[in-house]
$ cat work_22.txt   # compact mmCIF, C-alpha atoms
# COMPACT_ATOMS: atom_id res chain seq x y z
CA PHE R 27 -16.83 -1.64 4.99
CA VAL R 28 -17.14 1.37 7.20
CA ARG R 29 -15.10 4.27 5.89
CA HIS R 30 -13.81 6.86 8.29
CA LYS R 31 -12.85 10.34 7.15
CA MET R 32 -10.00 11.55 9.30
CA ARG R 33 -10.37 15.07 10.63
CA ALA R 34 -7.93 17.03 12.75
CA ALA R 35 -9.01 20.10 14.70
CA GLY R 36 -7.17 23.31 13.79
CA PHE R 37 -6.82 26.70 15.41
CA LEU R 38 -7.04 30.13 13.80
CA HIS R 39 -4.40 32.55 15.00
CA GLY R 40 -4.10 36.29 14.49
CA ALA R 41 -1.67 37.38 11.80
CA ARG R 42 0.73 38.97 14.25
CA ARG R 43 0.96 35.91 16.49
CA ALA R 44 1.22 33.62 13.46
CA ARG R 45 4.20 35.65 12.18
CA HIS R 46 5.75 35.47 15.65
CA LEU R 47 5.34 31.71 15.82
CA CYS R 48 6.60 31.26 12.28
CA SER R 49 9.74 33.29 12.91
CA LEU R 50 10.27 31.44 16.16
CA CYS R 51 10.06 28.05 14.46
CA HIS R 52 12.93 29.06 12.18
CA ARG R 53 15.06 29.46 15.31
CA ARG R 54 13.71 26.50 17.25
CA ARG R 55 11.61 23.97 15.45
CA PHE R 56 9.08 21.76 17.21
CA THR R 57 8.62 18.72 15.03
CA THR R 58 7.97 15.00 15.39
CA ALA R 59 10.21 14.19 12.41
CA VAL R 60 13.63 12.58 12.68
CA GLU R 61 16.58 12.41 10.34
CA ILE R 62 16.51 9.16 8.36
CA ALA R 63 19.46 7.62 6.53
CA GLY R 64 19.17 5.44 3.43
CA GLU R 65 16.49 5.12 0.77
CA THR R 66 13.06 6.33 1.84
CA GLN R 67 9.59 6.65 0.39
CA LYS R 68 6.77 9.02 1.29
CA MET R 69 4.09 7.03 3.12
CA THR R 70 1.00 7.54 5.20
CA MET R 71 0.94 5.81 8.56
CA VAL R 72 -1.45 3.15 7.28
CA ALA R 73 0.82 2.48 4.30
CA ALA R 74 3.81 2.18 6.64
CA ILE R 75 1.93 -0.35 8.77
CA ASN R 76 0.98 -2.28 5.64
CA ASP R 77 4.64 -2.24 4.61
CA ALA R 78 5.71 -3.50 8.04
CA LEU R 79 3.27 -6.40 7.81
CA ARG R 80 4.59 -7.25 4.35
CA VAL R 81 8.19 -7.19 5.60
CA ALA R 82 7.26 -9.43 8.54
CA LEU R 83 5.54 -11.96 6.30
CA ARG R 84 8.41 -11.99 3.81
CA THR R 85 11.16 -12.41 6.39
CA ASP R 86 9.41 -14.87 8.72
CA PRO R 87 7.76 -17.95 7.17
CA ALA R 88 6.08 -18.65 10.53
CA ALA R 89 4.26 -15.28 10.52
CA VAL R 90 0.50 -15.14 10.01
CA VAL R 91 -1.74 -12.05 9.93
CA PHE R 92 -5.33 -12.59 11.08
CA GLY R 93 -8.37 -10.66 12.25
CA GLU R 94 -11.78 -9.45 11.20
CA ASP R 95 -11.81 -8.62 7.46
CA VAL R 96 -8.00 -8.53 7.16
CA ALA R 97 -8.04 -10.64 4.00
CA PHE R 98 -10.23 -7.96 2.43
CA GLY R 99 -7.75 -5.28 3.45
CA GLY R 100 -9.23 -4.45 6.85
CA VAL R 101 -11.64 -1.69 7.78
CA PHE R 102 -8.81 0.88 7.49
CA ARG R 103 -7.06 -0.91 4.58
CA ALA R 104 -3.97 -1.67 6.68
CA SER R 105 -3.70 -5.19 5.23
CA MET R 106 -4.43 -4.36 1.58
CA ASN R 107 -3.04 -6.80 -1.01
CA LEU R 108 -1.40 -9.07 1.57
CA VAL R 109 -3.62 -12.07 0.82
CA GLU R 110 -2.80 -11.77 -2.89
CA GLU R 111 0.93 -11.96 -2.13
CA PHE R 112 1.01 -14.45 0.73
CA GLY R 113 -2.18 -16.46 0.29
CA PRO R 114 -5.21 -17.23 2.46
CA GLU R 115 -3.23 -19.56 4.76
CA ARG R 116 -1.13 -16.64 6.02
CA VAL R 117 -3.68 -13.81 5.88
CA LEU R 118 -6.79 -15.06 7.61
CA ASN R 119 -10.24 -13.60 8.09
CA MET R 120 -11.62 -14.35 11.55
CA PRO R 121 -15.18 -14.25 12.91
CA ILE R 122 -16.37 -11.34 15.04
CA ASN R 123 -15.01 -12.87 18.22
CA GLU R 124 -12.14 -10.98 19.81
CA GLN R 125 -11.71 -13.51 22.59
CA GLY R 126 -11.53 -16.28 20.02
CA LEU R 127 -9.06 -14.62 17.67
CA VAL R 128 -6.71 -13.66 20.51
CA GLY R 129 -6.99 -17.18 21.89
CA PHE R 130 -6.09 -18.50 18.44
CA GLY R 131 -3.03 -16.25 18.45
CA ILE R 132 -1.97 -17.46 21.89
CA GLY R 133 -2.18 -21.07 20.75
CA MET R 134 -0.24 -20.34 17.59
CA ALA R 135 2.49 -18.45 19.43
CA ALA R 136 2.70 -21.19 22.07
CA VAL R 137 3.85 -23.68 19.43
CA GLY R 138 6.40 -21.32 17.87
CA GLY R 139 4.37 -19.31 15.39
CA THR R 140 4.50 -15.55 14.84
CA ALA R 141 0.91 -14.48 15.43
CA ILE R 142 -0.04 -10.97 14.26
CA ALA R 143 -3.62 -10.33 15.35
CA GLU R 144 -5.80 -7.34 14.50
CA VAL R 145 -8.60 -6.24 16.79
CA GLN R 146 -10.65 -4.01 14.51
CA PHE R 147 -11.04 -1.24 17.11
CA ALA R 148 -9.26 -0.96 20.46
CA ASP R 149 -12.69 -0.38 22.03
CA TYR R 150 -13.54 -4.01 21.23
CA ILE R 151 -10.44 -5.49 22.81
CA PHE R 152 -12.24 -5.85 26.14
CA PRO R 153 -13.94 -9.20 25.33
CA ALA R 154 -10.40 -10.57 24.98
CA MET R 155 -9.15 -9.24 28.33
CA ASP R 156 -9.11 -12.68 29.95
CA GLN R 157 -7.11 -14.18 27.09
CA ILE R 158 -4.65 -11.25 27.07
CA CYS R 159 -4.21 -10.59 30.80
CA ASN R 160 -4.71 -14.06 32.28
CA GLU R 161 -3.28 -16.22 29.53
CA ALA R 162 -0.85 -14.38 27.22
CA ALA R 163 0.69 -12.18 29.92
CA LYS R 164 1.22 -15.07 32.38
CA PHE R 165 2.17 -17.87 29.99
CA ARG R 166 5.94 -17.66 30.50
CA TYR R 167 5.75 -16.99 34.24
CA ARG R 168 3.38 -19.82 35.11
CA SER R 169 5.50 -22.34 33.17
CA GLY R 170 8.73 -21.34 34.88
CA ASN R 171 10.03 -20.03 31.53
CA GLU R 172 9.56 -23.39 29.82
CA PHE R 173 6.94 -22.01 27.44
CA ASP R 174 5.98 -18.57 26.18
CA VAL R 175 3.78 -16.74 23.69
CA GLY R 176 6.37 -14.11 22.81
CA GLY R 177 5.42 -14.44 19.15
CA LEU R 178 2.05 -12.76 19.74
CA THR R 179 1.41 -9.16 18.64
CA ILE R 180 -2.03 -7.59 18.84
CA ARG R 181 -2.66 -4.54 16.66
CA ALA R 182 -5.58 -2.27 17.56
CA PRO R 183 -6.66 1.10 16.05
CA ALA R 184 -7.19 3.41 19.01
CA SER R 185 -7.92 6.95 20.20
CA ALA R 186 -10.16 9.72 18.90
CA VAL R 187 -11.05 10.03 15.24
CA GLY R 188 -13.34 13.07 15.19
CA HIS R 189 -16.69 11.28 15.08
CA GLY R 190 -16.22 7.89 16.72
CA GLY R 191 -18.30 8.35 19.87
CA HIS R 192 -17.93 6.15 22.89
CA TYR R 193 -17.37 2.83 21.05
CA HIS R 194 -14.75 3.89 18.49
CA SER R 195 -12.57 6.45 20.29
CA GLN R 196 -11.12 5.02 23.48
CA SER R 197 -7.48 4.84 24.56
CA PRO R 198 -7.19 1.74 26.78
CA GLU R 199 -3.41 1.61 27.22
CA ALA R 200 -3.51 1.91 31.03
CA TYR R 201 -5.51 -1.33 31.41
CA PHE R 202 -2.70 -3.31 29.81
CA ALA R 203 0.19 -1.36 31.33
CA HIS R 204 -1.18 -2.61 34.66
CA THR R 205 -0.59 -6.23 33.59
CA PRO R 206 2.94 -7.62 34.08
CA GLY R 207 4.06 -9.72 31.13
CA LEU R 208 2.80 -7.43 28.36
CA LYS R 209 4.49 -4.72 26.36
CA VAL R 210 2.38 -1.76 25.22
CA VAL R 211 3.44 0.43 22.28
CA TYR R 212 1.96 3.62 20.75
CA PRO R 213 3.59 5.15 17.60
CA ARG R 214 3.26 8.82 16.69
CA ASP R 215 3.76 8.81 12.89
CA ALA R 216 4.47 6.72 9.80
CA TYR R 217 8.19 6.30 10.52
CA THR R 218 7.74 5.13 14.11
CA ALA R 219 4.73 2.97 13.17
CA LYS R 220 6.75 0.78 10.81
CA GLY R 221 9.88 0.56 12.96
CA LEU R 222 8.04 -0.06 16.23
CA LEU R 223 5.63 -2.57 14.67
CA LEU R 224 8.46 -4.68 13.26
CA ALA R 225 10.23 -4.53 16.63
CA SER R 226 6.98 -5.56 18.37
CA ILE R 227 6.43 -8.51 16.04
CA ARG R 228 9.97 -9.75 16.65
CA ASP R 229 10.06 -9.08 20.37
CA LYS R 230 10.04 -12.19 22.57
CA ASN R 231 7.11 -10.94 24.64
CA PRO R 232 3.42 -10.47 23.81
CA VAL R 233 2.89 -6.89 22.63
CA ILE R 234 -0.22 -4.70 22.40
CA PHE R 235 0.35 -2.27 19.53
CA PHE R 236 -2.08 0.65 19.57
CA GLU R 237 -2.37 2.63 16.33
CA PRO R 238 -3.78 6.20 16.55
CA LYS R 239 -6.29 5.88 13.73
CA ILE R 240 -6.76 9.60 13.22
CA LEU R 241 -3.17 9.58 11.92
CA TYR R 242 -3.64 6.70 9.49
CA ARG R 243 -3.82 9.10 6.57
CA ALA R 244 -3.11 12.40 8.31
CA SER R 245 0.48 11.40 9.17
CA VAL R 246 2.61 11.43 6.03
CA GLY R 247 6.38 11.25 6.06
CA GLN R 248 9.54 9.69 4.70
CA VAL R 249 9.84 6.05 5.71
CA PRO R 250 12.75 3.68 4.95
CA VAL R 251 11.73 1.25 2.23
CA GLY R 252 13.66 -1.63 3.75
CA ASP R 253 13.56 -3.59 6.97
CA TYR R 254 14.28 -1.63 10.17
CA GLU R 255 13.31 -1.65 13.82
CA LEU R 256 13.05 1.01 16.50
CA PRO R 257 13.81 0.04 20.10
CA LEU R 258 10.94 -0.72 22.44
CA GLY R 259 11.06 0.88 25.88
CA LYS R 260 12.93 3.95 24.66
CA ALA R 261 11.45 7.46 24.69
CA ASP R 262 12.30 9.94 21.95
CA ILE R 263 13.36 13.50 22.83
CA LEU R 264 11.85 15.54 20.01
CA THR R 265 13.05 18.96 21.14
CA ALA R 266 15.43 19.89 23.94
CA GLY R 267 14.36 22.52 26.45
CA LYS R 268 15.22 23.91 29.90
CA ASP R 269 12.02 25.12 31.58
CA ILE R 270 9.57 22.20 31.49
CA THR R 271 9.45 18.56 30.36
CA CYS R 272 6.36 17.65 28.31
CA VAL R 273 5.49 13.99 27.68
CA ALA R 274 2.89 12.40 25.41
CA TRP R 275 2.40 9.41 23.10
CA GLY R 276 0.45 8.55 19.96
CA ALA R 277 -1.58 11.30 18.30
CA GLN R 278 -1.31 13.42 21.46
CA VAL R 279 2.36 14.01 20.64
CA HIS R 280 1.28 16.35 17.84
CA VAL R 281 -1.10 18.24 20.11
CA MET R 282 1.68 18.59 22.69
CA THR R 283 4.27 19.90 20.21
CA LYS R 284 1.83 22.56 18.97
CA ALA R 285 1.24 23.65 22.56
CA CYS R 286 5.01 23.71 23.14
CA ALA R 287 5.42 26.01 20.13
CA ARG R 288 2.82 28.39 21.60
CA ALA R 289 4.60 28.37 24.94
CA GLU R 290 7.93 29.00 23.22
CA ALA R 291 6.43 32.20 21.83
CA ASP R 292 5.92 33.28 25.45
CA GLY R 293 9.54 32.51 26.28
CA ILE R 294 8.96 29.09 27.88
CA SER R 295 11.54 26.52 26.76
CA CYS R 296 9.87 23.08 26.50
CA GLU R 297 11.56 19.70 26.29
CA ALA R 298 9.10 17.63 24.22
CA ILE R 299 9.29 13.85 24.62
CA ASP R 300 7.41 11.05 22.88
CA LEU R 301 7.16 8.16 25.37
CA ALA R 302 6.43 5.70 22.48
CA THR R 303 6.37 2.61 24.73
CA ILE R 304 3.93 2.64 27.64
CA ALA R 305 5.16 -0.63 29.13
CA PRO R 306 8.00 -0.81 29.88
CA TRP R 307 8.21 2.98 29.93
CA ASP R 308 11.50 4.86 29.74
CA MET R 309 11.70 6.30 33.25
CA HIS R 310 15.39 7.12 32.87
CA THR R 311 14.92 9.57 29.98
CA ILE R 312 12.03 11.33 31.73
CA ARG R 313 13.90 11.47 35.04
CA THR R 314 17.02 12.94 33.42
CA SER R 315 14.93 15.58 31.67
CA VAL R 316 12.98 16.56 34.79
CA LYS R 317 16.17 16.89 36.83
CA LYS R 318 17.22 19.46 34.23
CA THR R 319 13.92 21.36 33.83
CA GLY R 320 12.42 20.99 37.31
CA ARG R 321 8.90 20.68 35.90
CA LEU R 322 6.80 17.96 34.24
CA LEU R 323 3.59 17.85 32.23
CA VAL R 324 2.07 14.60 30.94
CA THR R 325 -0.84 14.58 28.50
CA HIS R 326 -2.94 11.76 27.04
CA GLU R 327 -6.42 11.21 25.61
CA ALA R 328 -7.49 8.59 28.14
CA PRO R 329 -9.43 9.70 31.25
CA LEU R 330 -7.59 11.26 34.19
CA THR R 331 -8.38 8.73 36.92
CA GLY R 332 -6.18 5.67 36.54
CA GLY R 333 -4.59 7.10 33.40
CA PHE R 334 -0.93 6.31 32.77
CA ALA R 335 0.03 9.92 33.46
CA GLY R 336 -0.63 9.14 37.12
CA GLU R 337 1.99 6.36 37.11
CA ILE R 338 4.55 8.66 35.48
CA ALA R 339 3.75 11.46 37.94
CA ALA R 340 4.07 9.19 40.98
CA THR R 341 7.36 7.72 39.83
CA ILE R 342 8.93 11.07 38.91
CA GLN R 343 7.75 12.62 42.17
CA ASP R 344 9.56 9.81 43.98
CA GLU R 345 12.69 10.00 41.83
CA CYS R 346 12.95 13.79 41.44
CA PHE R 347 11.30 15.28 44.52
CA ASP R 348 14.27 17.50 45.39
CA TYR R 349 14.40 18.83 41.81
CA LEU R 350 10.74 19.71 41.27
CA GLU R 351 9.87 23.42 41.13
CA ALA R 352 6.11 22.91 40.61
CA PRO R 353 3.40 20.27 40.97
CA ILE R 354 3.38 17.76 38.12
CA ALA R 355 0.65 18.63 35.62
CA ARG R 356 -1.68 16.13 33.94
CA VAL R 357 -3.78 17.16 30.92
CA THR R 358 -6.08 14.33 29.91
CA GLY R 359 -9.49 13.29 28.73
CA ALA R 360 -12.41 13.67 31.13
CA ASP R 361 -13.66 11.06 33.58
CA THR R 362 -16.71 10.34 31.45
CA PRO R 363 -17.55 7.90 28.66
CA PHE R 364 -16.11 9.26 25.42
CA PRO R 365 -18.79 11.62 24.07
CA LEU R 366 -19.82 12.14 20.46
CA ALA R 367 -21.37 15.62 20.49
CA PHE R 368 -18.89 16.95 23.06
CA GLU R 369 -15.69 15.38 21.76
CA LYS R 370 -13.93 18.75 21.43
CA LEU R 371 -14.73 19.54 25.06
CA TYR R 372 -13.56 16.12 26.18
CA LEU R 373 -10.20 16.00 24.42
CA PRO R 374 -7.02 17.57 25.87
CA ASP R 375 -6.50 19.97 22.99
CA GLU R 376 -3.65 22.37 22.18
CA LEU R 377 -5.01 25.23 24.28
CA LYS R 378 -5.58 23.06 27.37
CA VAL R 379 -2.02 21.75 27.15
CA TYR R 380 -0.66 25.26 26.53
CA ASP R 381 -2.51 26.67 29.55
CA ALA R 382 -1.09 23.90 31.74
CA ILE R 383 2.44 24.57 30.46
CA VAL R 384 2.11 28.25 31.34
CA ARG R 385 0.63 27.57 34.79
CA THR R 386 3.35 25.05 35.61
CA ALA R 387 6.17 27.23 34.30
CA ASN R 388 4.92 30.23 36.27
CA TYR R 389 4.18 28.38 39.49
$ encode --input "work_22.txt" --output "structure tokens"
Amino acid sequence: FVRHKMRAAGFLHGARRARHLCSLCHRRRFTTAVEIAGETQKMTMVAAINDALRVALRTDPAAVVFGEDVAFGGVFRASMNLVEEFGPERVLNMPINEQGLVGFGIGMAAVGGTAIAEVQFADYIFPAMDQICNEAAKFRYRSGNEFDVGGLTIRAPASAVGHGGHYHSQSPEAYFAHTPGLKVVYPRDAYTAKGLLLASIRDKNPVIFFEPKILYRASVGQVPVGDYELPLGKADILTAGKDITCVAWGAQVHVMTKACARAEADGISCEAIDLATIAPWDMHTIRTSVKKTGRLLVTHEAPLTGGFAGEIAATIQDECFDYLEAPIARVTGADTPFPLAFEKLYLPDELKVYDAIVRTANY
């Protein structure tokens, strides 16, 4: 198995600014955490995903987990110990054939099964594009709602990891958001990963569930030990603000909230929002926020051209034109293949997002 060591870039601040930020956070805390009721357990994101898969298999006898190496635990160990509990008929290793394993899932879902597929890296989902976009997405529509493959969920580790290069770092959410008939989901931490994954598995539509792999072990938090779901298509307001609305999803949420904390030190009040679901996206929450703040920034790891930030910007410009005080800002990856040696230059890091917040707020 390939083992990936997760690394997150950090920034060194001067003591005076660090004290300023620290004191500020006591007054107004930028965090991705939420208050959770009931019994919880401290989990990494990968453990929370493993727990969600276990809950799905226990509560649905028609559920099957399958993919490359999943019976061995998977390359990131997200399916550890599942085959021992549920057996090889419900936790299946598949050959290295993404088109084939997604096609298998479509067939299984078409006859009433709950198919939970794993594509080992989101970068390798492209061989399955025809199966996903031409078959799964259109199955219900082309049959006049007589048949569907709503029981299909495709998990895929995505986004930058610190050393993945151009074949293990991509964020392909915009490709699938462009396809009617699919739902596209991107959790930000352990708590949302479990709740959104269970909701995706039980949703009556095919779902692409992207997992920011850099957070697999970097994101640690309290997660309910039982069965719970979080709503798809609903954005999460992490921190209220009045000067600018900032939107991100996946691992970029954490970059954005750090940038918002920096801007807060300069007196800029940021409303930080995790979009969570890319398709269907929660336009209403973003629109309401922008009508209050008058400004919008959207940030994601994927390249600028054709990135989903452009769809959000176009829609909000149309919905909130009379309320906007500044051009909508997009802070994204570059329009190049994802580089290995220049990953830090490519990524929309904390300082790039902070600079864009300041420019937009001072426009």
$ residues_around --input "work_22.txt" --residues "R:Arg288" --least-positions-apart "3" --cutoff "9 Å" --atoms "only C-alpha atoms" --output "PyMOL selection string"
chain R and resi 47+283-285+291-292+294+376-377+380
$ write_last_selection --input "work_22.txt" --atoms "C-alpha atoms" --output "tab-separated table (two decimals), in the frame of the given file"
chain	number	residue	atom	x	y	z
R	47	LEU	CA	5.34	31.71	15.82
R	283	THR	CA	4.27	19.90	20.21
R	284	LYS	CA	1.83	22.56	18.97
R	285	ALA	CA	1.24	23.65	22.56
R	291	ALA	CA	6.43	32.20	21.83
R	292	ASP	CA	5.92	33.28	25.45
R	294	ILE	CA	8.96	29.09	27.88
R	376	GLU	CA	-3.65	22.37	22.18
R	377	LEU	CA	-5.01	25.23	24.28
R	380	TYR	CA	-0.66	25.26	26.53
$ residues_around --input "work_22.txt" --residues "stretch 109-115 of chain R" --least-positions-apart "3" --cutoff "9 Å" --atoms "all atoms listed in the file" --output "PDB file with C-alpha atoms, in the coordinates of the input"
ATOM      1  CA  ARG R  80       4.590  -7.250   4.350  1.00  0.00           C
ATOM      2  CA  LEU R  83       5.540 -11.960   6.300  1.00  0.00           C
ATOM      3  CA  ARG R  84       8.410 -11.990   3.810  1.00  0.00           C
ATOM      4  CA  VAL R  90       0.500 -15.140  10.010  1.00  0.00           C
ATOM      5  CA  VAL R  96      -8.000  -8.530   7.160  1.00  0.00           C
ATOM      6  CA  ALA R  97      -8.040 -10.640   4.000  1.00  0.00           C
ATOM      7  CA  PHE R  98     -10.230  -7.960   2.430  1.00  0.00           C
ATOM      8  CA  GLY R  99      -7.750  -5.280   3.450  1.00  0.00           C
ATOM      9  CA  SER R 105      -3.700  -5.190   5.230  1.00  0.00           C
ATOM     10  CA  MET R 106      -4.430  -4.360   1.580  1.00  0.00           C
ATOM     11  CA  LEU R 118      -6.790 -15.060   7.610  1.00  0.00           C
ATOM     12  CA  ASN R 119     -10.240 -13.600   8.090  1.00  0.00           C
TER      13      ASN R 119
END
$ atom_distance --input "work_22.txt" --atom1 "atom CA of R:Pro232" --atom2 "atom CA of R:Ile62"
28.2 Å
$ closest_residue --input "work_22.txt" --among "R:Pro329, R:Trp307, R:Phe147, R:Val279" --to "R:Ala203" --atoms "only C-alpha atoms"
R:Trp307
$ closest_atom_pairs --input "work_22.txt" --of "stretch 147-261 of chain R" --to "stretch 299-302 of chain R" --cutoff "7 Å" --atoms "all atoms listed in the file" --output "tab-separated table"
residue	atom	partner	partner_atom	distance
R:Val211	CA	R:Ala302	CA	6.1
R:Tyr212	CA	R:Ala302	CA	5.2
R:Pro213	CA	R:Ala302	CA	5.7
R:Ala261	CA	R:Leu301	CA	4.4
$ closest_atom_pairs --input "work_22.txt" --of "stretch 164-250 of chain R" --to "stretch 135-141 of chain R" --cutoff "10 Å" --atoms "all atoms listed in the file" --output "JSON lines"
{"residue": "R:Phe165", "atom": "CA", "partner": "R:Ala136", "partner_atom": "CA", "distance": 8.6}
{"residue": "R:Arg166", "atom": "CA", "partner": "R:Ala136", "partner_atom": "CA", "distance": 9.7}
{"residue": "R:Phe173", "atom": "CA", "partner": "R:Ala136", "partner_atom": "CA", "distance": 6.9}
{"residue": "R:Asp174", "atom": "CA", "partner": "R:Ala136", "partner_atom": "CA", "distance": 5.9}
{"residue": "R:Val175", "atom": "CA", "partner": "R:Ala135", "partner_atom": "CA", "distance": 4.8}
{"residue": "R:Gly176", "atom": "CA", "partner": "R:Ala135", "partner_atom": "CA", "distance": 6.7}
{"residue": "R:Gly177", "atom": "CA", "partner": "R:Thr140", "partner_atom": "CA", "distance": 4.5}
{"residue": "R:Leu178", "atom": "CA", "partner": "R:Ala141", "partner_atom": "CA", "distance": 4.8}
{"residue": "R:Thr179", "atom": "CA", "partner": "R:Ala141", "partner_atom": "CA", "distance": 6.2}
{"residue": "R:Ile180", "atom": "CA", "partner": "R:Ala141", "partner_atom": "CA", "distance": 8.2}
{"residue": "R:Ile227", "atom": "CA", "partner": "R:Thr140", "partner_atom": "CA", "distance": 7.4}
{"residue": "R:Arg228", "atom": "CA", "partner": "R:Thr140", "partner_atom": "CA", "distance": 8.2}
{"residue": "R:Pro232", "atom": "CA", "partner": "R:Ala135", "partner_atom": "CA", "distance": 9.2}
$ write_last_selection --input "work_22.txt" --atoms "C-alpha atoms" --output "mmCIF file, in the coordinates of the input"
data_model
loop_
_atom_site.group_PDB
_atom_site.id
_atom_site.type_symbol
_atom_site.label_atom_id
_atom_site.label_comp_id
_atom_site.auth_asym_id
_atom_site.auth_seq_id
_atom_site.Cartn_x
_atom_site.Cartn_y
_atom_site.Cartn_z
ATOM 1 C CA PHE R 165 2.170 -17.870 29.990
ATOM 2 C CA ARG R 166 5.940 -17.660 30.500
ATOM 3 C CA PHE R 173 6.940 -22.010 27.440
ATOM 4 C CA ASP R 174 5.980 -18.570 26.180
ATOM 5 C CA VAL R 175 3.780 -16.740 23.690
ATOM 6 C CA GLY R 176 6.370 -14.110 22.810
ATOM 7 C CA GLY R 177 5.420 -14.440 19.150
ATOM 8 C CA LEU R 178 2.050 -12.760 19.740
ATOM 9 C CA THR R 179 1.410 -9.160 18.640
ATOM 10 C CA ILE R 180 -2.030 -7.590 18.840
ATOM 11 C CA ILE R 227 6.430 -8.510 16.040
ATOM 12 C CA ARG R 228 9.970 -9.750 16.650
ATOM 13 C CA PRO R 232 3.420 -10.470 23.810
#
$ residues_around --input "work_22.txt" --residues "R:Gln343" --least-positions-apart "3" --cutoff "10 Å" --atoms "all atoms listed in the file" --output "PyMOL selection string"
chain R and resi 313+316+322+337-340+346-350+353-354
$ atom_distance --input "work_22.txt" --atom1 "atom CA of R:Phe130" --atom2 "atom CA of R:Ala305"
23.7 Å
$ residues_near_point --input "work_22.txt" --point "(-3.1, 2.7, 33.0)" --cutoff "8 Å" --atoms "only C-alpha atoms" --output "PyMOL selection string"
chain R and resi 198-204+332-335+337
$ write_last_selection --input "work_22.txt" --atoms "C-alpha atoms" --output "CSV table (one decimal), in the coordinates of the input"
chain,number,residue,atom,x,y,z
R,198,PRO,CA,-7.2,1.7,26.8
R,199,GLU,CA,-3.4,1.6,27.2
R,200,ALA,CA,-3.5,1.9,31.0
R,201,TYR,CA,-5.5,-1.3,31.4
R,202,PHE,CA,-2.7,-3.3,29.8
R,203,ALA,CA,0.2,-1.4,31.3
R,204,HIS,CA,-1.2,-2.6,34.7
R,332,GLY,CA,-6.2,5.7,36.5
R,333,GLY,CA,-4.6,7.1,33.4
R,334,PHE,CA,-0.9,6.3,32.8
R,335,ALA,CA,0.0,9.9,33.5
R,337,GLU,CA,2.0,6.4,37.1
$ closest_residue --input "work_22.txt" --among "R:Gly207, R:Gly320, R:Gly131, R:Pro250" --to "R:Lys268" --atoms "all atoms listed in the file"
R:Gly320
$ closest_residue --input "work_22.txt" --among "R:Thr66, R:Thr386, R:Thr358, R:Thr205" --to "R:Val249" --atoms "all atoms listed in the file"
R:Thr66
$ residues_around --input "work_22.txt" --residues "R:Val233" --least-positions-apart "3" --cutoff "6 Å" --atoms "all atoms listed in the file" --output "list of chain:residue names"
R:Thr179, R:Leu208, R:Lys209, R:Val210
$ residues_around --input "work_22.txt" --residues "R:Ser197" --least-positions-apart "3" --cutoff "9 Å" --atoms "only C-alpha atoms" --output "CSV table (one decimal) with C-alpha atoms, keeping the file's coordinate frame"
chain,number,residue,atom,x,y,z
R,148,ALA,CA,-9.3,-1.0,20.5
R,149,ASP,CA,-12.7,-0.4,22.0
R,184,ALA,CA,-7.2,3.4,19.0
R,185,SER,CA,-7.9,7.0,20.2
R,186,ALA,CA,-10.2,9.7,18.9
R,200,ALA,CA,-3.5,1.9,31.0
R,236,PHE,CA,-2.1,0.6,19.6
R,238,PRO,CA,-3.8,6.2,16.6
R,326,HIS,CA,-2.9,11.8,27.0
R,327,GLU,CA,-6.4,11.2,25.6
R,328,ALA,CA,-7.5,8.6,28.1
R,329,PRO,CA,-9.4,9.7,31.2
$ decode --input "work_22.txt" --residues "stretch 77-100 of chain R" --atoms "C-alpha atoms" --output "tab-separated table (two decimals), in the first residue's frame"
chain	number	residue	atom	x	y	z
R	77	ASP	CA	-17.75	4.59	11.19
R	78	ALA	CA	-20.28	5.89	8.65
R	79	LEU	CA	-19.63	2.91	6.38
R	80	ARG	CA	-20.08	0.56	9.32
R	81	VAL	CA	-23.38	2.22	10.28
R	82	ALA	CA	-24.60	2.00	6.67
R	83	LEU	CA	-23.75	-1.70	6.43
R	84	ARG	CA	-25.36	-2.47	9.79
R	85	THR	CA	-28.60	-0.61	9.10
R	86	ASP	CA	-29.07	-1.57	5.45
R	87	PRO	CA	-28.76	-5.27	4.51
R	88	ALA	CA	-28.74	-4.25	0.82
R	89	ALA	CA	-25.60	-2.10	1.25
R	90	VAL	CA	-22.30	-3.22	-0.26
R	91	VAL	CA	-18.93	-1.43	-0.11
R	92	PHE	CA	-16.60	-2.05	-3.06
R	93	GLY	CA	-13.52	-0.63	-4.73
R	94	GLU	CA	-9.82	-1.15	-5.23
R	95	ASP	CA	-8.26	-2.70	-2.09
R	96	VAL	CA	-11.25	-1.88	0.15
R	97	ALA	CA	-11.30	-5.37	1.65
R	98	PHE	CA	-7.72	-4.76	2.79
R	99	GLY	CA	-8.75	-1.48	4.39
R	100	GLY	CA	-8.15	0.78	1.40
